[in-house]
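Asker: Here you go, this is model-v1.txt (compact mmCIF, C-alpha atoms).
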# COMPACT_ATOMS: atom_id res chain seq x y z
CA MET D 841 -25.36 13.73 -15.47
CA ASN D 842 -23.74 12.73 -18.75
CA ALA D 843 -20.37 10.99 -18.76
CA LYS D 844 -18.50 13.89 -20.39
CA ARG D 845 -19.62 16.42 -17.80
CA GLN D 846 -18.87 14.01 -14.95
CA LYS D 847 -15.35 13.52 -16.31
CA VAL D 848 -14.78 17.29 -16.32
CA HIS D 849 -15.91 17.60 -12.69
CA ARG D 850 -13.66 14.70 -11.67
CA GLN D 851 -10.69 16.31 -13.38
CA ILE D 852 -11.35 19.63 -11.63
CA PHE D 853 -11.50 17.84 -8.26
CA HIS D 854 -8.34 15.88 -9.11
CA TYR D 855 -6.39 18.98 -10.14
CA CYS D 856 -7.63 20.97 -7.15
CA CYS D 857 -6.27 18.30 -4.80
CA ILE D 858 -2.95 18.25 -6.62
CA ALA D 859 -2.69 22.04 -6.61
CA LEU D 860 -3.64 22.24 -2.93
CA VAL D 861 -0.85 19.97 -1.72
CA PHE D 862 1.68 21.49 -4.12
CA PHE D 863 1.17 25.03 -2.82
CA MET D 864 0.79 23.94 0.83
CA PRO D 865 4.59 24.04 1.45
CA VAL D 866 5.04 27.01 -0.92
CA HIS D 867 2.64 29.74 0.23
CA GLY D 868 -0.52 29.40 2.30
CA ARG D 869 -2.37 32.35 0.78
CA ILE D 870 -2.91 30.38 -2.42
CA LEU D 871 -4.85 27.64 -0.63
CA PRO D 872 -8.24 29.29 0.18
CA PRO D 873 -9.08 30.04 -3.51
CA ILE D 874 -8.27 26.43 -4.41
CA ILE D 875 -10.55 25.14 -1.65
CA ALA D 876 -13.29 27.54 -2.78
CA LEU D 877 -13.00 26.20 -6.34
CA MET D 878 -13.08 22.62 -5.06
CA PHE D 879 -16.26 23.25 -3.05
CA LEU D 880 -17.89 25.15 -5.93
CA ASN D 881 -17.15 22.21 -8.23
CA TRP D 882 -18.69 19.88 -5.59
CA LEU D 883 -21.87 21.97 -5.57
CA ILE D 884 -22.19 22.29 -9.36
CA GLU D 885 -21.54 18.58 -9.83
CA GLY D 886 -24.38 17.91 -7.42
CA ARG D 887 -22.39 15.59 -5.23
CA PHE D 888 -24.44 16.75 -2.26
CA LYS D 889 -26.98 14.24 -3.57
CA ASN D 890 -24.64 11.55 -2.22
CA ILE D 891 -25.08 12.79 1.36
CA PRO D 892 -27.76 10.15 2.20
CA SER D 893 -25.23 7.43 1.31
CA VAL D 894 -22.91 8.85 3.97
CA PHE D 895 -25.25 7.50 6.64
CA ARG D 896 -25.67 4.10 4.92
CA GLU D 897 -22.05 3.18 4.18
CA ARG D 898 -19.60 2.66 7.02
CA ASN D 899 -16.49 4.08 5.33
CA ARG D 900 -18.32 7.24 4.26
CA MET D 901 -19.88 7.72 7.69
CA LEU D 902 -16.53 7.29 9.45
CA THR D 903 -14.89 9.75 7.07
CA PHE D 904 -17.59 12.34 7.70
CA SER D 905 -17.36 11.73 11.46
CA PHE D 906 -14.11 13.72 11.50
CA ALA D 907 -16.31 16.82 11.05
CA SER D 908 -17.62 16.20 14.59
CA LEU D 909 -14.94 18.44 16.07
CA TYR D 910 -16.20 21.33 13.95
CA PHE D 911 -19.74 20.76 15.23
CA PHE D 912 -18.38 20.99 18.79
CA TYR D 913 -16.94 24.41 17.92
CA LEU D 914 -20.34 25.40 16.53
CA ILE D 915 -21.96 24.39 19.82
CA GLY D 916 -19.28 26.37 21.64
CA MET D 917 -20.64 29.51 20.00
CA LEU D 918 -23.88 29.14 21.98
CA TYR D 919 -22.16 30.19 25.21
CA SER D 920 -19.56 32.59 23.76
CA LYS D 921 -19.58 36.33 24.43
CA ASN D 922 -17.05 37.38 21.79
CA MET D 923 -19.03 36.51 18.67
CA ASP D 924 -16.66 38.29 16.27
CA TYR D 925 -13.68 36.18 17.31
CA GLY D 926 -15.84 33.06 17.38
CA LEU D 927 -17.06 33.59 13.80
CA PHE D 928 -13.49 34.24 12.68
CA ASP D 929 -12.36 31.03 14.39
CA LEU D 930 -15.13 29.04 12.68
CA GLN D 931 -13.99 30.46 9.35
CA VAL D 932 -10.39 29.39 10.00
CA LYS D 933 -11.54 25.90 11.00
CA LEU D 934 -14.03 25.47 8.14
CA SER D 935 -11.78 22.88 6.43
CA LEU D 936 -12.48 20.54 9.36
CA PHE D 937 -16.01 20.31 7.99
CA LEU D 938 -15.48 20.74 4.24
CA PHE D 939 -12.93 18.00 3.56
CA PRO D 940 -14.74 15.21 5.45
CA LEU D 941 -17.90 16.24 3.58
CA ILE D 942 -16.24 16.31 0.15
CA PHE D 943 -14.35 13.03 0.53
CA SER D 944 -17.23 11.15 2.13
CA THR D 945 -19.41 11.95 -0.90
CA VAL D 946 -16.92 10.89 -3.59
CA ASP D 947 -18.47 8.70 -6.32
CA ARG D 948 -18.03 4.95 -5.84
CA ASN D 949 -16.13 4.50 -9.12
CA PHE D 950 -13.79 7.47 -8.62
CA PRO D 951 -10.13 6.45 -9.36
CA PHE D 952 -9.05 7.22 -5.81
CA GLN D 953 -5.78 5.30 -5.71
CA LYS D 954 -4.53 7.08 -8.83
CA MET D 955 -5.39 10.46 -7.29
CA MET D 956 -3.56 9.58 -4.05
CA SER D 957 -0.45 8.71 -6.04
CA ASP D 958 -0.60 12.05 -7.85
CA VAL D 959 -1.23 13.88 -4.57
CA PHE D 960 1.88 12.34 -2.99
CA LYS D 961 4.03 13.26 -5.98
CA SER D 962 2.64 16.79 -6.06
CA PHE D 963 3.18 17.26 -2.31
CA ILE D 964 6.81 16.18 -2.59
CA ALA D 965 7.28 18.43 -5.64
CA GLY D 966 5.76 21.29 -3.62
CA CYS D 967 8.14 20.62 -0.71
CA VAL D 968 11.11 20.74 -3.11
CA THR D 969 9.84 23.88 -4.86
CA GLY D 970 8.97 25.71 -1.65
CA THR D 971 12.32 25.00 0.02
CA MET D 972 14.29 25.83 -3.15
CA ILE D 973 12.54 29.22 -3.27
CA LEU D 974 13.54 29.78 0.36
CA PHE D 975 17.16 28.86 -0.44
CA ALA D 976 17.17 31.26 -3.39
CA ILE D 977 15.86 34.11 -1.21
CA ALA D 978 18.33 33.27 1.58
CA ILE D 979 21.31 33.19 -0.79
CA TYR D 980 20.29 36.50 -2.38
CA THR D 981 19.75 38.09 1.06
CA TYR D 982 23.09 36.76 2.30
CA THR D 983 24.95 38.35 -0.62
CA THR D 984 23.65 41.77 0.45
CA MET D 985 23.55 41.42 4.25
CA ARG D 986 26.27 38.82 4.94
CA ASN D 987 24.19 37.52 7.83
CA PRO D 988 24.16 33.71 8.22
CA GLU D 989 20.90 33.95 10.21
CA VAL D 990 19.02 34.11 6.89
CA PHE D 991 19.63 30.34 6.55
CA PHE D 992 18.02 29.47 9.90
CA TYR D 993 14.60 29.42 11.57
CA THR D 994 12.28 32.34 10.69
CA GLY D 995 15.08 34.07 8.81
CA PHE D 996 14.95 31.15 6.38
CA SER D 997 11.26 30.14 6.39
CA ARG D 998 9.67 33.46 5.45
CA PHE D 999 6.22 32.34 4.27
CA ILE D 1000 5.39 29.47 6.65
CA HIS D 1001 6.19 29.09 10.34
CA PRO D 1002 9.23 26.75 10.68
CA SER D 1003 7.32 24.24 12.82
CA TYR D 1004 4.62 23.79 10.18
CA LEU D 1005 7.07 23.51 7.29
CA ALA D 1006 9.13 20.97 9.26
CA MET D 1007 5.97 18.92 9.83
CA TYR D 1008 5.22 18.99 6.09
CA LEU D 1009 8.76 17.84 5.30
CA ASN D 1010 8.57 15.01 7.83
CA LEU D 1011 5.43 13.72 6.13
CA ALA D 1012 7.24 13.95 2.78
CA VAL D 1013 10.08 11.86 4.26
CA ALA D 1014 7.57 9.25 5.49
CA ILE D 1015 6.07 9.00 1.99
CA LEU D 1016 9.49 8.68 0.33
CA ALA D 1017 10.70 6.13 2.89
CA TYR D 1018 7.63 3.94 2.44
CA TYR D 1019 8.16 3.66 -1.31
CA LEU D 1020 11.83 2.92 -0.78
CA ILE D 1021 11.45 0.04 1.66
CA ARG D 1022 8.26 -1.73 0.60
CA LYS D 1023 8.54 -5.06 -1.20
CA GLU D 1024 5.79 -4.65 -3.79
CA HIS D 1025 6.62 -3.10 -7.16
CA PRO D 1026 10.35 -2.43 -6.65
CA LEU D 1027 11.66 0.86 -8.04
CA SER D 1028 14.40 1.36 -10.59
CA ASN D 1029 17.87 2.30 -9.30
CA LYS D 1030 17.53 5.85 -10.65
CA ILE D 1031 14.28 6.40 -8.77
CA ARG D 1032 15.78 4.92 -5.61
CA ILE D 1033 18.77 7.25 -5.76
CA LEU D 1034 16.45 10.22 -6.31
CA LEU D 1035 14.32 9.29 -3.29
CA PHE D 1036 17.43 8.86 -1.10
CA VAL D 1037 18.71 12.28 -2.17
CA LEU D 1038 15.33 13.88 -1.41
CA ILE D 1039 15.22 12.30 2.07
CA PHE D 1040 18.67 13.66 2.92
CA TYR D 1041 17.75 17.04 1.44
CA PHE D 1042 14.55 17.31 3.50
CA SER D 1043 16.45 16.18 6.60
CA LEU D 1044 18.96 19.00 6.10
CA VAL D 1045 16.19 21.59 5.63
CA ILE D 1046 14.43 20.42 8.81
CA PHE D 1047 17.64 21.13 10.75
CA LEU D 1048 18.00 24.55 9.11
CA LEU D 1049 14.42 25.34 10.17
CA ASP D 1050 15.59 24.96 13.78
CA SER D 1051 12.20 23.56 14.81
CA LYS D 1052 12.76 21.47 17.90
CA ALA D 1053 9.44 19.69 17.41
CA GLY D 1054 10.40 19.04 13.78
CA ILE D 1055 13.75 17.53 14.74
CA PHE D 1056 12.24 15.39 17.50
CA SER D 1057 9.62 14.27 14.97
CA GLN D 1058 12.38 13.37 12.54
CA VAL D 1059 14.15 11.25 15.16
CA PHE D 1060 10.91 9.40 15.98
CA LEU D 1061 10.06 8.96 12.31
CA SER D 1062 13.52 7.51 11.59
CA LEU D 1063 13.13 4.97 14.39
CA LEU D 1064 9.60 4.11 13.20
CA ILE D 1065 10.85 3.48 9.65
CA ILE D 1066 13.71 1.30 10.90
CA LEU D 1067 11.27 -0.67 13.08
CA TYR D 1068 8.91 -1.08 10.10
CA PHE D 1069 11.81 -2.32 7.96
CA LEU D 1070 12.91 -4.74 10.68
CA VAL D 1071 9.51 -6.17 11.71
CA ILE D 1072 7.67 -6.19 8.37
CA HIS D 1073 10.54 -7.00 6.04
CA LYS D 1074 12.73 -9.03 8.47
CA ARG D 1075 15.96 -7.32 7.32
CA VAL D 1076 18.08 -7.30 10.49
CA TRP D 1077 21.46 -6.26 9.08
CA LYS D 1078 19.97 -3.67 6.78
CA SER D 1079 18.05 -2.25 9.74
CA ILE D 1080 21.26 -2.00 11.75
CA PHE D 1081 22.95 -0.29 8.80
CA LEU D 1082 20.02 2.13 8.50
CA LEU D 1083 20.27 2.95 12.21
CA PHE D 1084 24.00 3.60 11.79
CA ILE D 1085 23.31 5.98 8.87
CA VAL D 1086 20.65 7.83 10.90
CA VAL D 1087 22.97 8.26 13.91
CA ILE D 1088 25.83 9.52 11.73
CA THR D 1089 23.50 11.89 9.88
CA PHE D 1090 22.06 13.43 13.03
CA TYR D 1091 25.48 13.72 14.65
CA SER D 1092 26.89 15.44 11.56
CA GLU D 1093 23.99 17.87 11.31
CA PHE D 1094 24.21 18.85 14.99
CA THR D 1095 27.99 19.29 14.64
CA LEU D 1096 27.93 21.27 11.38
CA LEU D 1097 24.88 23.39 12.32
CA PRO D 1098 25.71 24.98 15.70
CA ASN D 1099 22.58 27.18 15.62
CA THR D 1100 20.38 24.10 16.01
CA ALA D 1101 22.49 22.68 18.83
CA GLU D 1102 22.34 26.04 20.60
CA ARG D 1103 18.53 26.10 20.51
CA PHE D 1104 18.42 22.67 22.15
CA LYS D 1105 20.81 23.89 24.85
CA LYS D 1106 18.49 26.84 25.52
CA THR D 1107 15.59 24.41 25.83
CA ALA D 1108 17.47 22.36 28.42
CA THR D 1109 18.34 25.55 30.32
CA VAL D 1110 14.72 26.72 30.42
CA LEU D 1111 13.38 23.32 31.48
CA SER D 1112 15.96 23.16 34.28
CA GLY D 1113 14.57 26.43 35.64
CA GLN D 1114 17.74 28.45 35.11
CA LYS D 1115 16.26 30.85 32.56
CA ASN D 1116 14.97 34.24 33.65
CA THR D 1117 11.64 34.57 31.88
CA SER D 1118 11.28 38.25 32.80
CA GLN D 1119 13.86 39.39 30.26
CA GLU D 1120 12.71 41.65 27.45
CA LYS D 1121 13.21 39.09 24.68
CA MET D 1122 12.05 35.69 25.83
CA GLU D 1123 13.06 32.29 24.52
CA SER D 1124 10.19 30.34 22.91
CA ASN D 1125 10.29 27.62 25.57
CA SER D 1126 9.91 30.22 28.34
CA GLU D 1127 6.87 31.60 26.54
CA ARG D 1128 5.34 28.13 26.27
CA LEU D 1129 5.78 27.37 29.96
CA ILE D 1130 3.99 30.60 30.85
CA VAL D 1131 1.08 30.18 28.43
CA TRP D 1132 0.65 26.52 29.43
CA LYS D 1133 0.40 27.54 33.07
CA ALA D 1134 -2.12 30.23 32.17
CA GLY D 1135 -4.11 27.76 30.06
CA ILE D 1136 -4.27 25.28 32.93
CA GLU D 1137 -5.58 28.04 35.22
CA VAL D 1138 -8.37 28.84 32.74
CA ILE D 1139 -9.27 25.13 32.58
CA ARG D 1140 -9.45 24.93 36.38
CA ASN D 1141 -12.00 27.73 36.34
CA HIS D 1142 -14.03 26.19 33.45
CA PRO D 1143 -13.39 22.41 33.65
CA VAL D 1144 -16.58 21.04 32.09
CA PHE D 1145 -17.73 23.13 29.13
CA GLY D 1146 -14.78 25.47 28.65
CA VAL D 1147 -15.18 29.20 27.96
CA GLY D 1148 -16.72 28.86 24.49
CA THR D 1149 -15.38 29.07 20.96
CA GLY D 1150 -15.27 32.85 20.85
CA ASP D 1151 -13.81 33.53 24.30
CA VAL D 1152 -10.57 31.52 24.22
CA LYS D 1153 -8.32 34.44 23.36
CA ASP D 1154 -9.98 36.75 25.88
CA ALA D 1155 -9.71 34.16 28.67
CA LEU D 1156 -5.99 33.64 28.04
CA LEU D 1157 -5.27 37.36 27.78
CA SER D 1158 -7.11 37.93 31.04
CA GLU D 1159 -4.97 35.28 32.73
CA TYR D 1160 -1.73 36.77 31.31
CA GLN D 1161 -2.77 40.18 32.68
CA LYS D 1162 -3.71 38.71 36.05
CA GLU D 1163 -0.28 37.06 36.33
CA ASN D 1164 1.39 40.31 35.20
CA LYS D 1165 2.95 38.61 32.16
CA LEU D 1166 2.87 41.76 30.04
CA ILE D 1167 5.30 40.52 27.38
CA ILE D 1168 3.10 37.48 26.74
CA TYR D 1169 0.00 39.67 26.89
CA ASN D 1170 1.36 42.04 24.24
CA LEU D 1171 2.29 39.11 22.00
CA ARG D 1172 -1.34 37.89 22.36
CA LEU D 1173 -0.20 34.26 22.23
CA ASN D 1174 -2.57 31.30 22.03
CA ALA D 1175 -2.09 28.27 24.28
CA HIS D 1176 0.71 26.80 22.11
CA ASN D 1177 -0.81 23.39 22.70
CA GLN D 1178 -3.89 22.30 20.75
CA TYR D 1179 -5.09 19.94 23.47
CA LEU D 1180 -5.06 22.80 25.99
CA GLN D 1181 -6.54 25.22 23.45
CA THR D 1182 -9.43 22.89 22.65
CA TYR D 1183 -10.03 22.13 26.33
CA ILE D 1184 -10.17 25.86 27.13
CA ALA D 1185 -12.70 26.43 24.35
CA LEU D 1186 -14.89 23.33 24.52
CA GLY D 1187 -14.22 21.65 27.84
CA ILE D 1188 -13.70 17.96 28.55
CA LEU D 1189 -15.92 16.65 25.73
CA GLY D 1190 -14.16 18.79 23.14
CA VAL D 1191 -10.66 17.65 24.04
CA LEU D 1192 -11.84 14.02 24.23
CA MET D 1193 -13.22 14.36 20.70
CA LEU D 1194 -9.86 15.74 19.51
CA ILE D 1195 -8.03 12.81 21.10
CA LEU D 1196 -10.49 10.26 19.68
CA ILE D 1197 -10.15 11.48 16.08
CA LEU D 1198 -6.40 11.00 16.41
CA VAL D 1199 -6.18 7.79 18.45
CA LEU D 1200 -8.90 5.66 16.81
CA PRO D 1201 -7.74 6.11 13.18
CA GLY D 1202 -4.16 5.82 14.45
CA TRP D 1203 -4.96 2.40 15.92
CA MET D 1204 -6.64 1.39 12.65
CA ALA D 1205 -3.59 2.51 10.65
CA PHE D 1206 -1.28 0.64 13.03
CA ARG D 1207 -3.24 -2.61 12.81
CA ARG D 1208 -3.39 -2.45 9.00
CA ILE D 1209 0.24 -1.34 8.74
CA HIS D 1210 -0.55 1.88 6.84
CA LEU D 1211 2.85 3.48 7.39
CA ILE D 1212 2.05 6.80 5.70
CA TYR D 1213 -1.25 7.37 7.50
CA PHE D 1214 0.12 6.22 10.86
CA SER D 1215 3.15 8.49 10.47
CA PHE D 1216 0.90 11.42 9.55
CA LEU D 1217 -1.28 10.98 12.65
CA VAL D 1218 1.60 10.44 15.07
CA LEU D 1219 3.53 13.42 13.71
CA PHE D 1220 0.49 15.67 13.96
CA ALA D 1221 -0.49 14.43 17.43
CA PHE D 1222 3.04 15.17 18.65
CA ASN D 1223 3.38 18.58 16.97
CA ILE D 1224 0.14 19.89 18.46
CA LEU D 1225 1.64 19.32 21.90
CA VAL D 1226 3.75 22.45 21.34
CA GLU D 1227 1.67 24.39 18.79
CA SER D 1228 -2.04 25.18 18.52
CA MET D 1229 -2.08 24.05 14.91
CA LEU D 1230 -5.85 24.03 14.49
CA GLU D 1231 -5.94 27.77 15.18
CA VAL D 1232 -4.29 28.73 11.88
CA GLN D 1233 -5.01 27.69 8.30
CA ALA D 1234 -1.53 26.22 7.79
CA GLY D 1235 -2.40 23.54 10.35
CA VAL D 1236 -6.14 23.18 9.76
CA ILE D 1237 -5.94 22.67 5.98
CA TYR D 1238 -2.97 20.29 6.28
CA TYR D 1239 -4.67 18.09 8.89
CA ALA D 1240 -8.20 18.18 7.46
CA PHE D 1241 -7.17 17.42 3.88
CA PHE D 1242 -4.60 14.70 4.48
CA ASN D 1243 -6.63 13.04 7.22
CA ALA D 1244 -9.75 12.76 5.04
CA LEU D 1245 -7.69 11.67 2.02
CA LEU D 1246 -5.62 9.04 3.84
CA PHE D 1247 -8.49 7.66 5.92
CA PHE D 1248 -10.89 7.30 3.00
CA GLY D 1249 -8.11 6.05 0.72
CA SER D 1250 -6.87 3.51 3.25
CA ASN D 1251 -10.36 2.07 3.61
CA THR D 1252 -11.05 1.81 -0.12
CA ASN D 1253 -8.59 -1.10 -0.26
CA PRO D 1254 -8.22 -2.43 3.29
CA ASP D 1255 -6.76 -5.80 2.33
CA ARG D 1256 -3.52 -4.22 1.13
CA SER D 1257 -1.29 -1.47 2.50
CA GLY D 1258 -3.77 1.13 1.33
CA ASP D 1259 -0.95 3.20 -0.16
CA PRO D 1260 -0.93 3.80 -3.93
CA GLU D 1261 1.86 3.44 -6.44
CA PHE D 1262 4.61 6.04 -6.52
CA ALA D 1263 6.09 5.42 -9.94
For the file at hand, write its structure as structure tokens.

Answerer:
Amino acid sequence: MNAKRQKVHRQIFHYCCIALVFFMPVHGRILPPIIALMFLNWLIEGRFKNIPSVFRERNRMLTFSFASLYFFYLIGMLYSKNMDYGLFDLQVKLSLFLFPLIFSTVDRNFPFQKMMSDVFKSFIAGCVTGTMILFAIAIYTYTTMRNPEVFFYTGFSRFIHPSYLAMYLNLAVAILAYYLIRKEHPLSNKIRILLFVLIFYFSLVIFLLDSKAGIFSQVFLSLLIILYFLVIHKRVWKSIFLLFIVVITFYSEFTLLPNTAERFKKTATVLSGQKNTSQEKMESNSERLIVWKAGIEVIRNHPVFGVGTGDVKDALLSEYQKENKLIIYNLRLNAHNQYLQTYIALGILGVLMLILILVLPGWMAFRRIHLIYFSFLVLFAFNILVESMLEVQAGVIYYAFFNALLFFGSNTNPDRSGDPEFA
């Protein structure tokens, strides 16, 4: 291939990655065409010719190994009865295979660090754009309805489930925080002020989203950043000051946003067993307790191989019906826990594979002090405790893309932080 044509293909791949992360927090329906264009470009460029190198080079092989979970779902089709649902599920999860394949076959001289920098900037720009659109819609709706609920939870986040958008924003905060506190290549005062403002802005939006998992993630992320600042940079007093700012910020947000505080009170009530889960409109925590119990029952009946990729939904619905949980049955809820969901579908080996592809790279990121990648993995591993995020494209594309990008990028320069320049 001549140099000019190769440059065009590289630019298409570069711009596809930038566009993908920009629209991720804006509207999910835009993402599949971008992925299709990215894969078509991969085919036309002939990068499939690099597949043999995947099995010769350690970094490429490890990157492609993340597709193993998708192969487990393929195997799960062999003992599924509901083939229609199984094929649909494989289509939803296709990114688990495509992104490890695409990134593991990137050319050796591809300017990967530059692309990662542009991806981070584009993702943050997308988070700002997406949330500003939501604010504009909420303000317009409020002027006609005078209902403050349009600024909270699903009334605010109309295009993306609040839990997913909160997870995106937490990753954006981790990226911004890393560039603020690292020693190398200090930023100008204007850039620093901008990054501080964006962190506070994203923090406010996470509270408005009323996602309990998102807020818990934000608390953990704040403590992780403070610990990183204290241990790596040895700034004791600044760490104490940061902790003080975090405490004041969270206290203020809980005080000024009573809707969020009320949702946490409901959670405490449900967990204490005081909530009547038979009421017509159930609280989300009540729903989760019921579907978790049903999921565990399905696992007890199929502990080794699971029920198969295509029969997960049917097995859960059958259990809801058996337990006379008609509200849950009519809502047709999944397991609301990806570990349970994967165990139900694929059995013990499937859930072990899911845990391995989170824990092993997480340990690598921890040892090499890759704050962004480690934060990404921990945030995702925590969020899938309360949501089956690999059952919808908003979760699959987010995990598959960023995991392949950050893993491959971190290993292209393992002697440093692995994180590219921001400005």

Asker: With a cut-off of 8 Å, could you pull out the residues of region 1148-1225 of chain D touching region 1048-1068 of chain D and give me the nearest pair of atoms for each, distance in Å to one decimal, using all atoms listed in the file, ordered by chain and ascending number, as a tab-separated table?

Answerer:
residue	atom	partner	partner_atom	distance
D:Ser1215	CA	D:Leu1061	CA	7.2
D:Leu1219	CA	D:Ser1057	CA	6.3
D:Phe1222	CA	D:Ser1057	CA	7.6
D:Asn1223	CA	D:Ala1053	CA	6.2

Asker: Rank D:Leu1035, D:Ala1205, D:Val861, D:Ile1085 by their smallest atom-to-atom distance to Phe963 (chain D), using all atoms listed in the file, and report the top residue only.

Answerer: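 When distances to Phe963 (chain D) are compared using all atoms listed in the file, the smallest one comes from D:Val861.
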
Asker: Ranking D:Arg1022, D:Arg887, D:Lys1162, D:His1142 by minimum distance to Arg850 (chain D) and counting all atoms listed in the file, which one comes first?

Answerer: D:Arg887

Asker: So, with only C-alpha atoms as the atoms that count, which of D:Val1152, D:Phe1241, D:Phe996, D:Arg1032 lies closest to Met878 (chain D)?

Answerer: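 Between D:Val1152, D:Phe1241, D:Phe996, D:Arg1032, the residue approaching Met878 (chain D) most closely is D:Phe1241.
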
Asker: Excluding same-chain residues fewer than 2 positions from Ala1240 (chain D), what lies within 7 Å of it counting all atoms listed in the file, as a ChimeraX atom specification?

Answerer: /D:935-936,939,1236-1238,1242-1244

Asker: To one decimal place, how far is CA of Arg1172 (chain D) from CA of Leu914 (chain D) in Å?

Answerer: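 Atom-to-atom, CA of Arg1172 (chain D) to CA of Leu914 (chain D), that is 23.5 Å.
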